[in-house]
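Notes to accompany the following structure.
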Amino acid sequence: MAQFEDAVDRLRRGILDGRYPPGAKLSAASVAEALGMSRTPVREAFRILSKEGLVEFSSNRGARVAILDSSELESIFETRVALEGTACRIAADHVTLADLAELQALAEEILQLTTADGAGNIALIEQVNTRFHARIAEIAGSGALSAAMSGTVHAAILTRTRQAYEPEARLRSAHHHIEIVAALRAGDGQWAQAVMTSHLLAARFALLGARRVPTDSAD
């Protein structure tokens, strides 16, 4: 792994586990010292994580951990629903037996980790979850779609969502992966898209709660 990739991974984990809280200023010098590396890969990590929505960075003002308000998070989830739902639908027409075996193994690993010791290991679950979602985009075979998905926000942003899950919701989320594979195995793109949509909308609810429902003001 290149040093800047190591910096990206470690800084991302630091942000998501709360060592670098929202709004905290990120000094290249202090972060580099904490990670035991030079400032150059750290500065590159700032730029990459800014594209993922985890860091706000400019050459003049430096870097800080991003503070995402509810409207920004709503936009992120809406975009992911559209992109990843489409990826699932397309993947159903291209998936191979080898792909299905890989996805099944990943889905079962997520479920096993989720049920282990009650809540499971959130950081490890998210690593496997990221591979699962990325493989579906790859199977769909659209470079533009994959680029759009990665450019919207890194899947690790959903770690914050997973931390907000109640145990029942976390287990339901794990079972979604199993059902997505079943839909892909059946070659049913609409089913796969529907489950992925439910999966991400449930994640949105865990983080943001119910959307405001307009009330009828008429007497």
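Chain lettering (A, B, ...) mirrors the order of the structure tokens, residue numbering begins at 1 for each chain separately, and ligand numbering begins at 1 in order of display.
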Contacts of A:Gln193 at 10 Å or less, counting only C-alpha atoms, minus same-chain residues fewer than 5 places along, as a PDB file with N, CA and C atoms, in the first residue's frame?
ATOM      1  N   VAL A  81     -29.195   6.232  -3.238  1.00  0.00           N
ATOM      2  CA  VAL A  81     -30.336   5.383  -3.586  1.00  0.00           C
ATOM      3  C   VAL A  81     -30.458   5.262  -5.102  1.00  0.00           C
ATOM      4  N   ALA A  82     -30.357   6.395  -5.785  1.00  0.00           N
ATOM      5  CA  ALA A  82     -30.486   6.378  -7.248  1.00  0.00           C
ATOM      6  C   ALA A  82     -29.348   5.595  -7.904  1.00  0.00           C
ATOM      7  N   LEU A  83     -28.118   5.864  -7.486  1.00  0.00           N
ATOM      8  CA  LEU A  83     -26.964   5.244  -8.130  1.00  0.00           C
ATOM      9  C   LEU A  83     -26.854   3.762  -7.802  1.00  0.00           C
ATOM     10  N   GLU A  84     -26.955   3.424  -6.518  1.00  0.00           N
ATOM     11  CA  GLU A  84     -26.746   2.030  -6.136  1.00  0.00           C
ATOM     12  C   GLU A  84     -27.941   1.159  -6.502  1.00  0.00           C
ATOM     13  N   GLY A  85     -29.131   1.743  -6.490  1.00  0.00           N
ATOM     14  CA  GLY A  85     -30.288   0.988  -6.970  1.00  0.00           C
ATOM     15  C   GLY A  85     -30.139   0.651  -8.433  1.00  0.00           C
ATOM     16  N   THR A  86     -29.688   1.619  -9.225  1.00  0.00           N
ATOM     17  CA  THR A  86     -29.454   1.377 -10.648  1.00  0.00           C
ATOM     18  C   THR A  86     -28.368   0.335 -10.864  1.00  0.00           C
ATOM     19  N   ALA A  87     -27.305   0.409 -10.069  1.00  0.00           N
ATOM     20  CA  ALA A  87     -26.220  -0.570 -10.180  1.00  0.00           C
ATOM     21  C   ALA A  87     -26.732  -1.985  -9.938  1.00  0.00           C
ATOM     22  N   CYS A  88     -27.592  -2.157  -8.946  1.00  0.00           N
ATOM     23  CA  CYS A  88     -28.169  -3.469  -8.659  1.00  0.00           C
ATOM     24  C   CYS A  88     -29.002  -3.974  -9.833  1.00  0.00           C
ATOM     25  N   ARG A  89     -29.813  -3.096 -10.392  1.00  0.00           N
ATOM     26  CA  ARG A  89     -30.667  -3.495 -11.509  1.00  0.00           C
ATOM     27  C   ARG A  89     -29.844  -3.953 -12.703  1.00  0.00           C
ATOM     28  N   ILE A  90     -28.779  -3.206 -13.011  1.00  0.00           N
ATOM     29  CA  ILE A  90     -27.922  -3.556 -14.149  1.00  0.00           C
ATOM     30  C   ILE A  90     -27.117  -4.815 -13.849  1.00  0.00           C
ATOM     31  N   ALA A  91     -26.636  -4.932 -12.618  1.00  0.00           N
ATOM     32  CA  ALA A  91     -25.805  -6.086 -12.249  1.00  0.00           C
ATOM     33  C   ALA A  91     -26.557  -7.397 -12.411  1.00  0.00           C
ATOM     34  N   ALA A  92     -27.873  -7.378 -12.232  1.00  0.00           N
ATOM     35  CA  ALA A  92     -28.666  -8.611 -12.361  1.00  0.00           C
ATOM     36  C   ALA A  92     -28.546  -9.217 -13.757  1.00  0.00           C
ATOM     37  N   ILE A 180     -30.351  -9.218  -1.365  1.00  0.00           N
ATOM     38  CA  ILE A 180     -29.839  -8.642  -2.612  1.00  0.00           C
ATOM     39  C   ILE A 180     -29.183  -9.729  -3.458  1.00  0.00           C
ATOM     40  N   ALA A 183     -31.808 -11.879  -5.056  1.00  0.00           N
ATOM     41  CA  ALA A 183     -32.419 -11.213  -6.209  1.00  0.00           C
ATOM     42  C   ALA A 183     -31.505 -11.269  -7.429  1.00  0.00           C
ATOM     43  N   LEU A 184     -30.218 -11.055  -7.206  1.00  0.00           N
ATOM     44  CA  LEU A 184     -29.256 -11.131  -8.305  1.00  0.00           C
ATOM     45  C   LEU A 184     -29.175 -12.553  -8.856  1.00  0.00           C
ATOM     46  N   ASP A 188     -33.301 -10.960 -11.246  1.00  0.00           N
ATOM     47  CA  ASP A 188     -34.417 -10.015 -11.164  1.00  0.00           C
ATOM     48  C   ASP A 188     -33.898  -8.637 -10.751  1.00  0.00           C
ATOM     49  N   SER A 198     -34.516  -0.079  -0.243  1.00  0.00           N
ATOM     50  CA  SER A 198     -34.957  -0.231   1.145  1.00  0.00           C
ATOM     51  C   SER A 198     -33.776  -0.187   2.109  1.00  0.00           C
ATOM     52  N   HIS A 199     -32.690  -0.833   1.716  1.00  0.00           N
ATOM     53  CA  HIS A 199     -31.475  -0.894   2.532  1.00  0.00           C
ATOM     54  C   HIS A 199     -30.950   0.507   2.830  1.00  0.00           C
TER      55      HIS A 199
END
**Message:** Write out as a PyMOL selection string the set of residues from stretch 15-175 of chain A that DSSP, computed on the backbone, places in helix (DSSP H, G or I).
**Reply:** chain A and resi 15-16+28-35+39-51+70-91+97-115+122-140+143-152+155-164+167-175
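Excluding stretch 74-77 of chain A itself and same-chain residues fewer than 4 positions from it, the residues having an atom within 9 Å of it are A:Asp69, A:Ser70, A:Val81, A:Ala82, A:Thr152, A:Val153, A:Leu200, A:Leu201, A:Ala203, A:Arg204, A:Leu208, counting only C-alpha atoms.
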**Residue nearest A:Arg172 - candidates A:Ala206, A:Phe4, A:Val128, A:Ser59, atoms counted: only C-alpha atoms** = A:Ala206
**Message:** Restricting the calculation to only C-alpha atoms: of A:Ser142, A:Ser173, A:Thr96, A:Ser50, which residue gets closest to A:Ile110?
**Reply:**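 Using only C-alpha atoms, A:Ile110 sits closest to A:Ser173.
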**Fill in**
In terms of only C-alpha atoms, the residue from A:Gly53, A:Gly141, A:Gly62, A:Pro167 at minimal distance from A:Val95 is A:Gly141
**Item:** Residues of chain A in strand (DSSP E), written as a PyMOL selection string
**Value:** chain A and resi 25-26+55-58+62-65
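For the residues A:Ala123, A:Ala137, A:Ala169, A:Val195, ranking by smallest atom-to-atom distance to A:Leu207 using only C-alpha atoms places A:Ala169 first.
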